[in-house]
Amino acid sequence: MSRKINHSIPTDNEIILGILNNSSSTLQYLYKAYYPMILQLIINNNGSEHDAKDIYQESIIILHDKIKSGDFELTSKLKTFLYSVCRRLWLKKLSHKSRFSENIKDYEDHFEVEPDLAQHEEKDQQFVLMNSALTQLGEPCKTIIEDFYIHSKSMQDICEKFGYTNSDNAKTQKYKCLQRLKKLFFNLK
Amino acid sequence: MKSEIDLIKRIEAYYSHEMTAEEALAFEEDRKTNSALDHKVIAHLDFLKTLKSFGEVNALRVALNQIHDELDVDSLTEEYKETPTLLSVLWVRYRKNLAVAATVAIFMTLITLFSTGQFNSSEHGSNYSELKRDMENIKRSQTALIRNINSTSKQPKDISQYSGTGFILSANGYLVTNYHVIKDADSVYVQNNKGESFKVETVYVDPEFDIAVLHIKDTTFKHLATVPYTFKKSNSDLGEDVYTIGYPKDDVVYGKGYLSSSTGFAGDSIAYQISIPVNPGNSGGPLMDSKGNVIGIVSGKQTQADGAAFAVKSDYLMRAVNSISQDSLTQKISVNKRNTLAGLNRTQQIKKMQDYIFMVKVYN
């Protein structure tokens, strides 16, 4: 107990700052702080704790995305934002299961989050496409692309990893891979 | 194919600053002049952005999963799960059945109320009961049948559905009874104490005072001797000795009591409250005082109180009779003014009166 009193609780603004700085401890704090609230919402409205996990992580990703994109203005408490997003996501899921009822049992205040969700959904679709395109691409292209474009590794490291004799060969291989990935991605679209 | 890769090379070289200054300028110039090229460049940059954020989200998911694994989900679930009570479980499971059952119940209740005429008698309140007798399930007694065989009068073959009591208003065949006795009737017969039945027609009804005046039109009916009793116009006093004669069964029945209140059911000033044993079938019977005056018409009793019966005051009977237009009648109603019962004792009074009191039988 005494240790906890010394440990001050971060405010919403501190959390936002932490996420902007990629602080893993902030993310951890945020996640643990509001998970019970969402768990309560989902399991008392015909859901399992597995559903709660999915929905909650989705809402954290949306929040994370919103903060990172830079246009996040704190118009409500983070708690209310997360609750509203989860509530909306869960209502959607329930309607897919055709067990939809408007009078879901509520535990917190909430507000409309439709625009945020629409944006998120669009992105999500692209990610699904990207995922299947990458899977179809196969090795070693997939790893080269991921290493270079996502993990921002240097061409030098990649050359060593795959045993290319010189970085020009590796570069040519990388361009071919990227070109194929683009083709796969846009064809899937 | 080749040009595509070349383009990717150029874009990457440009953005990672691996171009010479001239090459970079040429690239910028190309983009300005060739809009198709420009679109391709923008699309490529968008694609890279999507690829990058795809990677980021995946990394975030991994991180979140790691955090999630640290949580004790089971105990949290235990804590926040609302265990539904037995009642709410049953409610959720059976609410549809319940709704159907409730609907049926309400429907049946309404039908029952409607079919038993509960809605119609609402004017009296629920614990006021009218004293007409329901005959449907009562078999006519043997003695009455024998009398019927002996009598010369015509007899209706079927059994009446309701019965009450009525008494003579004037010797030429006018009777008075309660309106509720003859209400909704197809045909009405009266039967005297010898078992002779006569067909009557309704001359006048006053639902408000619960009074009906009937006239015997049967040719077999012979005019009676002068009516022995008179009708009292003033109100009678509390505690006065009263009696009634009526037909709660197939034979005439005498009942004795006293006047207990000057108002009727729920303060109704049209009626008296009397303490007298009355039963279904007594409705329409005369309420007599000890001197042989008619002071009212027995009309009902309170179901939830002992010894509270009601009788419409004779004053209102006289008002009703006077309001009948005499021109519309075949014979005049002449109400008797001379009382021949005053000096007699009770048994002699009853003996003299009996011929003037009839059972009213209602068919519908």
# chains A, B, ... in the order shown; residues from 1 in each chain; ligands from 1
$ interface_residues --of "chain A" --to "chain B" --cutoff "7 Å" --atoms "only C-alpha atoms" --output "number ranges by chain"
A: 28, 36, 40, 43-44, 57, 127, 149-150, 175-176, 179
$ select_by_dssp --residues "range 36-185 of chain A" --states "alpha helix (DSSP H)" --output "PyMOL selection string"
chain A and resi 36-43+49-68+78-96+114-137+141-145+155-162+167-185
$ closest_atom_pairs --of "range 289-328 of chain B" --to "range 200-205 of chain B" --cutoff "12 Å" --atoms "only C-alpha atoms" --output "tab-separated table"
residue	atom	partner	partner_atom	distance
B:Leu317	CA	B:Val205	CA	10.9
B:Ala320	CA	B:Tyr204	CA	8.5
B:Val321	CA	B:Tyr204	CA	8.5
B:Asn322	CA	B:Tyr204	CA	11.0
B:Ser323	CA	B:Tyr204	CA	9.4
B:Ile324	CA	B:Tyr204	CA	7.1
B:Ser325	CA	B:Tyr204	CA	9.7
B:Gln326	CA	B:Val203	CA	10.8
B:Ser328	CA	B:Val203	CA	9.2
$ write_last_selection --atoms "N, CA and C atoms" --output "compact mmCIF listing (two decimals), in the first residue's frame"
# COMPACT_ATOMS: atom_id res chain seq x y z
N LEU B 317 -91.91 6.41 -6.14
CA LEU B 317 -92.85 5.57 -6.90
C LEU B 317 -94.04 6.42 -7.33
N ALA B 320 -93.19 8.73 -10.09
CA ALA B 320 -93.09 8.00 -11.36
C ALA B 320 -94.48 7.74 -11.93
N VAL B 321 -95.38 7.29 -11.04
CA VAL B 321 -96.74 6.98 -11.50
C VAL B 321 -97.42 8.25 -12.03
N ASN B 322 -97.22 9.35 -11.33
CA ASN B 322 -97.86 10.60 -11.76
C ASN B 322 -97.29 11.11 -13.08
N SER B 323 -96.04 10.74 -13.36
CA SER B 323 -95.45 11.23 -14.60
C SER B 323 -95.89 10.43 -15.81
N ILE B 324 -96.62 9.33 -15.59
CA ILE B 324 -97.15 8.57 -16.74
C ILE B 324 -98.32 9.36 -17.32
N SER B 325 -98.27 9.56 -18.62
CA SER B 325 -99.38 10.27 -19.26
C SER B 325 -100.60 9.36 -19.31
N GLN B 326 -101.66 9.75 -18.62
CA GLN B 326 -102.84 8.88 -18.50
C GLN B 326 -103.52 8.63 -19.84
N SER B 328 -102.17 7.90 -22.57
CA SER B 328 -101.58 6.82 -23.34
C SER B 328 -102.02 5.45 -22.84
$ atom_distance --atom1 "CA of Ala33 in chain A" --atom2 "CA of Ile15 in chain A"
11.3 Å
$ select_by_dssp --residues "range 42-236 of chain B" --states "strand (DSSP E or B)" --output "number ranges by chain"
B: 128-130, 133-134, 162-170, 174-177, 187-191, 197-206, 211-216, 230-231
$ write_last_selection --atoms "C-alpha atoms" --output "mmCIF file, in the first residue's frame"
data_model
loop_
_atom_site.group_PDB
_atom_site.id
_atom_site.type_symbol
_atom_site.label_atom_id
_atom_site.label_comp_id
_atom_site.auth_asym_id
_atom_site.auth_seq_id
_atom_site.Cartn_x
_atom_site.Cartn_y
_atom_site.Cartn_z
ATOM 1 C CA TYR B 128 -74.522 -3.774 -4.388
ATOM 2 C CA SER B 129 -76.542 -6.747 -5.444
ATOM 3 C CA GLU B 130 -79.877 -6.582 -7.171
ATOM 4 C CA ARG B 133 -83.675 -14.364 -8.944
ATOM 5 C CA ASP B 134 -81.832 -16.313 -11.611
ATOM 6 C CA TYR B 162 -85.242 -14.429 -13.897
ATOM 7 C CA SER B 163 -87.852 -13.672 -11.374
ATOM 8 C CA GLY B 164 -88.717 -10.896 -8.989
ATOM 9 C CA THR B 165 -91.731 -9.628 -7.109
ATOM 10 C CA GLY B 166 -94.323 -7.103 -8.120
ATOM 11 C CA PHE B 167 -97.394 -5.688 -6.414
ATOM 12 C CA ILE B 168 -100.674 -4.211 -7.533
ATOM 13 C CA LEU B 169 -100.880 -0.484 -7.991
ATOM 14 C CA SER B 170 -104.515 -0.334 -8.940
ATOM 15 C CA TYR B 174 -101.405 -2.234 -12.985
ATOM 16 C CA LEU B 175 -98.366 -3.539 -11.117
ATOM 17 C CA VAL B 176 -95.147 -2.033 -10.008
ATOM 18 C CA THR B 177 -91.784 -3.748 -9.786
ATOM 19 C CA SER B 187 -91.604 -11.151 -22.428
ATOM 20 C CA VAL B 188 -92.770 -10.778 -18.863
ATOM 21 C CA TYR B 189 -95.367 -12.826 -16.994
ATOM 22 C CA VAL B 190 -96.706 -12.421 -13.503
ATOM 23 C CA GLN B 191 -97.928 -15.265 -11.337
ATOM 24 C CA SER B 197 -99.819 -16.693 -14.801
ATOM 25 C CA PHE B 198 -100.730 -13.635 -16.790
ATOM 26 C CA LYS B 199 -98.897 -11.939 -19.580
ATOM 27 C CA VAL B 200 -98.045 -8.341 -18.872
ATOM 28 C CA GLU B 201 -96.734 -5.453 -20.904
ATOM 29 C CA THR B 202 -94.376 -2.810 -19.671
ATOM 30 C CA VAL B 203 -96.123 0.526 -19.457
ATOM 31 C CA TYR B 204 -93.406 2.694 -17.979
ATOM 32 C CA VAL B 205 -89.821 2.376 -16.845
ATOM 33 C CA ASP B 206 -87.617 4.705 -14.857
ATOM 34 C CA ILE B 211 -89.034 1.526 -11.091
ATOM 35 C CA ALA B 212 -91.148 -0.217 -13.733
ATOM 36 C CA VAL B 213 -94.939 -0.181 -14.133
ATOM 37 C CA LEU B 214 -96.537 -3.216 -15.778
ATOM 38 C CA HIS B 215 -100.099 -3.857 -16.953
ATOM 39 C CA ILE B 216 -101.779 -7.245 -17.084
ATOM 40 C CA THR B 230 -102.155 2.860 0.481
ATOM 41 C CA PHE B 231 -98.916 4.536 -0.553
#
$ atom_distance --atom1 "CA of Ala266 in chain B" --atom2 "CA of Phe310 in chain B"
10.7 Å
$ atom_distance --atom1 "CA of Lys337 in chain B" --atom2 "CA of Gly173 in chain B"
16.7 Å
$ residues_around --residues "range 238-252 of chain B" --least-positions-apart "5" --cutoff "7 Å" --atoms "only C-alpha atoms" --output "number ranges by chain"
B: 133, 164-165, 193, 257-262, 279-282, 285-290, 359
$ write_last_selection --atoms "N, CA and C atoms" --output "PDB file, in the first residue's frame"
ATOM      1  N   ARG B 133     -84.078 -12.975  -9.097  1.00  0.00           N
ATOM      2  CA  ARG B 133     -83.675 -14.364  -8.944  1.00  0.00           C
ATOM      3  C   ARG B 133     -83.357 -14.968 -10.310  1.00  0.00           C
ATOM      4  N   GLY B 164     -88.725 -11.880 -10.056  1.00  0.00           N
ATOM      5  CA  GLY B 164     -88.717 -10.896  -8.989  1.00  0.00           C
ATOM      6  C   GLY B 164     -90.114 -10.858  -8.404  1.00  0.00           C
ATOM      7  N   THR B 165     -90.407  -9.771  -7.722  1.00  0.00           N
ATOM      8  CA  THR B 165     -91.731  -9.628  -7.109  1.00  0.00           C
ATOM      9  C   THR B 165     -92.342  -8.336  -7.646  1.00  0.00           C
ATOM     10  N   ASN B 193    -100.500 -15.937  -6.173  1.00  0.00           N
ATOM     11  CA  ASN B 193    -100.213 -16.966  -5.168  1.00  0.00           C
ATOM     12  C   ASN B 193    -100.978 -18.251  -5.394  1.00  0.00           C
ATOM     13  N   GLY B 257     -88.517  -6.607   9.565  1.00  0.00           N
ATOM     14  CA  GLY B 257     -87.313  -5.919  10.031  1.00  0.00           C
ATOM     15  C   GLY B 257     -87.633  -4.499  10.446  1.00  0.00           C
ATOM     16  N   TYR B 258     -86.640  -3.639  10.357  1.00  0.00           N
ATOM     17  CA  TYR B 258     -86.870  -2.244  10.748  1.00  0.00           C
ATOM     18  C   TYR B 258     -86.122  -1.323   9.794  1.00  0.00           C
ATOM     19  N   LEU B 259     -86.557  -0.098   9.777  1.00  0.00           N
ATOM     20  CA  LEU B 259     -85.930   0.888   8.896  1.00  0.00           C
ATOM     21  C   LEU B 259     -84.667   1.391   9.602  1.00  0.00           C
ATOM     22  N   SER B 260     -83.502   1.193   9.005  1.00  0.00           N
ATOM     23  CA  SER B 260     -82.247   1.466   9.713  1.00  0.00           C
ATOM     24  C   SER B 260     -81.551   2.737   9.257  1.00  0.00           C
ATOM     25  N   SER B 261     -81.870   3.248   8.076  1.00  0.00           N
ATOM     26  CA  SER B 261     -81.248   4.513   7.666  1.00  0.00           C
ATOM     27  C   SER B 261     -82.134   5.178   6.625  1.00  0.00           C
ATOM     28  N   SER B 262     -82.109   6.503   6.624  1.00  0.00           N
ATOM     29  CA  SER B 262     -82.984   7.214   5.689  1.00  0.00           C
ATOM     30  C   SER B 262     -82.348   7.367   4.304  1.00  0.00           C
ATOM     31  N   ASN B 279     -83.699 -11.858  -0.160  1.00  0.00           N
ATOM     32  CA  ASN B 279     -82.924 -12.759  -1.017  1.00  0.00           C
ATOM     33  C   ASN B 279     -83.240 -12.473  -2.470  1.00  0.00           C
ATOM     34  N   PRO B 280     -82.430 -12.991  -3.387  1.00  0.00           N
ATOM     35  CA  PRO B 280     -82.763 -12.826  -4.800  1.00  0.00           C
ATOM     36  C   PRO B 280     -84.187 -13.289  -5.063  1.00  0.00           C
ATOM     37  N   GLY B 281     -84.959 -12.456  -5.715  1.00  0.00           N
ATOM     38  CA  GLY B 281     -86.376 -12.745  -5.922  1.00  0.00           C
ATOM     39  C   GLY B 281     -87.254 -11.778  -5.154  1.00  0.00           C
ATOM     40  N   ASN B 282     -86.675 -11.139  -4.119  1.00  0.00           N
ATOM     41  CA  ASN B 282     -87.424 -10.148  -3.350  1.00  0.00           C
ATOM     42  C   ASN B 282     -87.544  -8.811  -4.077  1.00  0.00           C
ATOM     43  N   GLY B 285     -90.624  -6.163  -4.432  1.00  0.00           N
ATOM     44  CA  GLY B 285     -91.658  -6.415  -3.427  1.00  0.00           C
ATOM     45  C   GLY B 285     -91.977  -5.146  -2.656  1.00  0.00           C
ATOM     46  N   PRO B 286     -93.179  -5.063  -2.069  1.00  0.00           N
ATOM     47  CA  PRO B 286     -93.544  -3.866  -1.314  1.00  0.00           C
ATOM     48  C   PRO B 286     -92.892  -3.853   0.058  1.00  0.00           C
ATOM     49  N   LEU B 287     -92.468  -2.666   0.506  1.00  0.00           N
ATOM     50  CA  LEU B 287     -91.999  -2.519   1.876  1.00  0.00           C
ATOM     51  C   LEU B 287     -93.135  -1.831   2.639  1.00  0.00           C
ATOM     52  N   MET B 288     -93.668  -2.552   3.638  1.00  0.00           N
ATOM     53  CA  MET B 288     -94.862  -2.079   4.348  1.00  0.00           C
ATOM     54  C   MET B 288     -94.479  -1.595   5.734  1.00  0.00           C
ATOM     55  N   ASP B 289     -95.217  -0.583   6.216  1.00  0.00           N
ATOM     56  CA  ASP B 289     -95.054  -0.259   7.630  1.00  0.00           C
ATOM     57  C   ASP B 289     -96.166  -0.971   8.416  1.00  0.00           C
ATOM     58  N   SER B 290     -96.179  -0.807   9.739  1.00  0.00           N
ATOM     59  CA  SER B 290     -97.087  -1.624  10.555  1.00  0.00           C
ATOM     60  C   SER B 290     -98.548  -1.257  10.323  1.00  0.00           C
ATOM     61  N   MET B 359     -95.496 -12.856  -8.434  1.00  0.00           N
ATOM     62  CA  MET B 359     -94.131 -13.167  -8.860  1.00  0.00           C
ATOM     63  C   MET B 359     -93.988 -12.665 -10.304  1.00  0.00           C
TER      64      MET B 359
END
$ residues_around --residues "Val128 in chain A" --least-positions-apart "2" --cutoff "12 Å" --atoms "only C-alpha atoms" --output "list in words"
Glu121, Glu122, Lys123, Asp124, Gln125, Gln126, Met130, Asn131, Ser132, Ala133, Leu134, Thr135, Phe185, Leu188 and Lys189 of chain A; Thr50, Leu51, Phe54, Gly55, Val57 and Asn58 of chain B
$ residues_around --residues "range 20-23 of chain A" --least-positions-apart "3" --cutoff "8 Å" --atoms "only C-alpha atoms" --output "MDAnalysis selection string"
chainID A and resid 16:17 26:27 67:68
$ write_last_selection --atoms "C-alpha atoms" --output "mmCIF file, in the first residue's frame"
data_model
loop_
_atom_site.group_PDB
_atom_site.id
_atom_site.type_symbol
_atom_site.label_atom_id
_atom_site.label_comp_id
_atom_site.auth_asym_id
_atom_site.auth_seq_id
_atom_site.Cartn_x
_atom_site.Cartn_y
_atom_site.Cartn_z
ATOM 1 C CA ILE A 16 -0.780 11.054 -24.250
ATOM 2 C CA LEU A 17 2.729 12.370 -23.920
ATOM 3 C CA THR A 26 2.698 4.271 -20.143
ATOM 4 C CA LEU A 27 1.057 1.840 -22.517
ATOM 5 C CA ILE A 67 -2.624 10.226 -30.677
ATOM 6 C CA LYS A 68 0.186 9.355 -33.086
#
$ closest_residue --among "A:His120, A:Tyr29, A:Asn13, A:Lys183" --to "Lys77 in chain A" --atoms "only C-alpha atoms"
A:Asn13
$ residues_around --residues "range 341-353 of chain B" --least-positions-apart "4" --cutoff "7 Å" --atoms "only C-alpha atoms" --output "MDAnalysis selection string"
chainID B and resid 228:229 291:292 357
$ write_last_selection --atoms "C-alpha atoms" --output "short mmCIF file (atom, residue, chain, number, x, y, z; two decimals), in the first residue's frame"
data_model
loop_
_atom_site.label_atom_id
_atom_site.label_comp_id
_atom_site.auth_asym_id
_atom_site.auth_seq_id
_atom_site.Cartn_x
_atom_site.Cartn_y
_atom_site.Cartn_z
CA PRO B 228 -106.25 -2.77 0.77
CA TYR B 229 -103.05 -0.76 1.19
CA LYS B 291 -100.18 0.38 9.56
CA GLY B 292 -100.37 -1.23 6.13
CA ILE B 357 -98.50 -9.55 -4.69
#
$ decode --residues "range 11-133 of chain A" --atoms "C-alpha atoms" --output "mmCIF file, in the first residue's frame"
data_model
loop_
_atom_site.group_PDB
_atom_site.id
_atom_site.type_symbol
_atom_site.label_atom_id
_atom_site.label_comp_id
_atom_site.auth_asym_id
_atom_site.auth_seq_id
_atom_site.Cartn_x
_atom_site.Cartn_y
_atom_site.Cartn_z
ATOM 1 C CA THR A 11 -2.951 12.101 -15.790
ATOM 2 C CA ASP A 12 -4.549 11.795 -19.213
ATOM 3 C CA ASN A 13 -2.123 14.365 -20.605
ATOM 4 C CA GLU A 14 0.844 12.423 -19.270
ATOM 5 C CA ILE A 15 -0.475 9.279 -20.895
ATOM 6 C CA ILE A 16 -0.780 11.054 -24.250
ATOM 7 C CA LEU A 17 2.729 12.370 -23.920
ATOM 8 C CA GLY A 18 3.975 8.913 -22.981
ATOM 9 C CA ILE A 19 2.387 7.332 -26.035
ATOM 10 C CA LEU A 20 3.848 10.007 -28.300
ATOM 11 C CA ASN A 21 7.249 9.080 -26.876
ATOM 12 C CA ASN A 22 6.630 5.360 -27.368
ATOM 13 C CA SER A 23 6.824 4.759 -23.627
ATOM 14 C CA SER A 24 6.042 1.115 -22.969
ATOM 15 C CA SER A 25 5.376 1.714 -19.262
ATOM 16 C CA THR A 26 2.698 4.271 -20.143
ATOM 17 C CA LEU A 27 1.057 1.840 -22.517
ATOM 18 C CA GLN A 28 1.157 -0.778 -19.842
ATOM 19 C CA TYR A 29 -0.391 1.574 -17.304
ATOM 20 C CA LEU A 30 -3.122 2.645 -19.725
ATOM 21 C CA TYR A 31 -3.951 -0.921 -20.673
ATOM 22 C CA LYS A 32 -4.213 -2.141 -17.121
ATOM 23 C CA ALA A 33 -6.124 0.899 -15.892
ATOM 24 C CA TYR A 34 -9.203 0.491 -18.053
ATOM 25 C CA TYR A 35 -9.284 -3.182 -18.951
ATOM 26 C CA PRO A 36 -11.567 -4.093 -16.020
ATOM 27 C CA MET A 37 -14.092 -1.467 -17.106
ATOM 28 C CA ILE A 38 -14.342 -2.970 -20.594
ATOM 29 C CA LEU A 39 -14.316 -6.504 -19.244
ATOM 30 C CA GLN A 40 -17.295 -5.587 -17.121
ATOM 31 C CA LEU A 41 -19.109 -4.075 -20.107
ATOM 32 C CA ILE A 42 -18.559 -7.051 -22.398
ATOM 33 C CA ILE A 43 -19.088 -9.989 -20.072
ATOM 34 C CA ASN A 44 -22.293 -8.520 -18.749
ATOM 35 C CA ASN A 45 -23.613 -7.984 -22.256
ATOM 36 C CA ASN A 46 -23.458 -11.493 -23.689
ATOM 37 C CA GLY A 47 -19.701 -11.522 -24.323
ATOM 38 C CA SER A 48 -16.740 -13.602 -23.148
ATOM 39 C CA GLU A 49 -13.436 -12.370 -21.731
ATOM 40 C CA HIS A 50 -11.963 -13.241 -25.119
ATOM 41 C CA ASP A 51 -14.367 -10.815 -26.786
ATOM 42 C CA ALA A 52 -13.415 -8.253 -24.168
ATOM 43 C CA LYS A 53 -9.723 -8.635 -25.026
ATOM 44 C CA ASP A 54 -10.322 -8.220 -28.768
ATOM 45 C CA ILE A 55 -12.589 -5.230 -28.380
ATOM 46 C CA TYR A 56 -10.369 -3.543 -25.814
ATOM 47 C CA GLN A 57 -7.173 -3.965 -27.854
ATOM 48 C CA GLU A 58 -8.987 -2.613 -30.872
ATOM 49 C CA SER A 59 -9.944 0.501 -28.935
ATOM 50 C CA ILE A 60 -6.381 0.965 -27.631
ATOM 51 C CA ILE A 61 -5.106 0.735 -31.206
ATOM 52 C CA ILE A 62 -7.615 3.360 -32.300
ATOM 53 C CA LEU A 63 -6.578 5.637 -29.453
ATOM 54 C CA HIS A 64 -2.888 5.021 -30.157
ATOM 55 C CA ASP A 65 -3.423 5.806 -33.807
ATOM 56 C CA LYS A 66 -5.323 8.962 -33.025
ATOM 57 C CA ILE A 67 -2.624 10.226 -30.677
ATOM 58 C CA LYS A 68 0.186 9.355 -33.086
ATOM 59 C CA SER A 69 -1.513 11.058 -36.011
ATOM 60 C CA GLY A 70 -1.139 14.275 -34.044
ATOM 61 C CA ASP A 71 -4.645 15.628 -34.362
ATOM 62 C CA PHE A 72 -5.807 14.329 -31.021
ATOM 63 C CA GLU A 73 -7.519 16.879 -28.871
ATOM 64 C CA LEU A 74 -8.517 15.891 -25.395
ATOM 65 C CA THR A 75 -12.213 16.712 -25.485
ATOM 66 C CA SER A 76 -13.171 14.041 -22.979
ATOM 67 C CA LYS A 77 -11.510 11.778 -20.492
ATOM 68 C CA LEU A 78 -9.520 8.960 -22.072
ATOM 69 C CA LYS A 79 -11.659 6.623 -20.016
ATOM 70 C CA THR A 80 -14.838 7.913 -21.627
ATOM 71 C CA PHE A 81 -13.304 7.755 -25.086
ATOM 72 C CA LEU A 82 -12.230 4.140 -24.639
ATOM 73 C CA TYR A 83 -15.566 3.183 -23.171
ATOM 74 C CA SER A 84 -17.477 4.821 -26.030
ATOM 75 C CA VAL A 85 -15.337 3.123 -28.675
ATOM 76 C CA CYS A 86 -15.670 -0.286 -27.041
ATOM 77 C CA ARG A 87 -19.386 0.143 -26.577
ATOM 78 C CA ARG A 88 -19.843 1.000 -30.253
ATOM 79 C CA LEU A 89 -17.592 -1.854 -31.415
ATOM 80 C CA TRP A 90 -19.425 -4.322 -29.227
ATOM 81 C CA LEU A 91 -22.842 -3.166 -30.438
ATOM 82 C CA LYS A 92 -21.629 -3.723 -33.991
ATOM 83 C CA LYS A 93 -20.395 -7.179 -33.167
ATOM 84 C CA LEU A 94 -23.649 -8.049 -31.451
ATOM 85 C CA SER A 95 -25.598 -6.914 -34.482
ATOM 86 C CA HIS A 96 -23.462 -9.203 -36.628
ATOM 87 C CA LYS A 97 -24.411 -12.033 -34.346
ATOM 88 C CA SER A 98 -27.996 -10.789 -34.823
ATOM 89 C CA ARG A 99 -28.514 -10.658 -31.121
ATOM 90 C CA PHE A 100 -28.677 -6.937 -31.272
ATOM 91 C CA SER A 101 -30.652 -5.025 -28.732
ATOM 92 C CA GLU A 102 -30.454 -1.265 -28.369
ATOM 93 C CA ASN A 103 -30.681 -1.412 -24.614
ATOM 94 C CA ILE A 104 -27.212 -2.627 -23.791
ATOM 95 C CA LYS A 105 -26.380 -2.525 -20.088
ATOM 96 C CA ASP A 106 -24.227 0.557 -19.548
ATOM 97 C CA TYR A 107 -21.739 1.298 -16.809
ATOM 98 C CA GLU A 108 -20.196 4.634 -17.866
ATOM 99 C CA ASP A 109 -20.936 7.826 -19.759
ATOM 100 C CA HIS A 110 -20.372 7.606 -23.482
ATOM 101 C CA PHE A 111 -20.643 9.687 -26.661
ATOM 102 C CA GLU A 112 -20.701 9.268 -30.432
ATOM 103 C CA VAL A 113 -17.444 7.961 -31.924
ATOM 104 C CA GLU A 114 -18.684 7.050 -35.400
ATOM 105 C CA PRO A 115 -16.100 9.109 -37.447
ATOM 106 C CA ASP A 116 -13.165 7.593 -35.538
ATOM 107 C CA LEU A 117 -14.488 4.117 -36.145
ATOM 108 C CA ALA A 118 -15.062 4.695 -39.850
ATOM 109 C CA GLN A 119 -11.469 5.826 -40.268
ATOM 110 C CA HIS A 120 -10.238 2.886 -38.298
ATOM 111 C CA GLU A 121 -12.250 0.419 -40.317
ATOM 112 C CA GLU A 122 -10.844 1.716 -43.571
ATOM 113 C CA LYS A 123 -7.319 1.324 -42.265
ATOM 114 C CA ASP A 124 -8.095 -2.084 -40.914
ATOM 115 C CA GLN A 125 -9.217 -3.273 -44.340
ATOM 116 C CA GLN A 126 -5.950 -2.107 -45.870
ATOM 117 C CA PHE A 127 -4.043 -3.955 -43.172
ATOM 118 C CA VAL A 128 -5.900 -7.136 -43.951
ATOM 119 C CA LEU A 129 -4.981 -6.726 -47.627
ATOM 120 C CA MET A 130 -1.394 -5.967 -46.738
ATOM 121 C CA ASN A 131 -1.215 -9.012 -44.535
ATOM 122 C CA SER A 132 -2.461 -11.370 -47.221
ATOM 123 C CA ALA A 133 -0.235 -9.718 -49.842
#
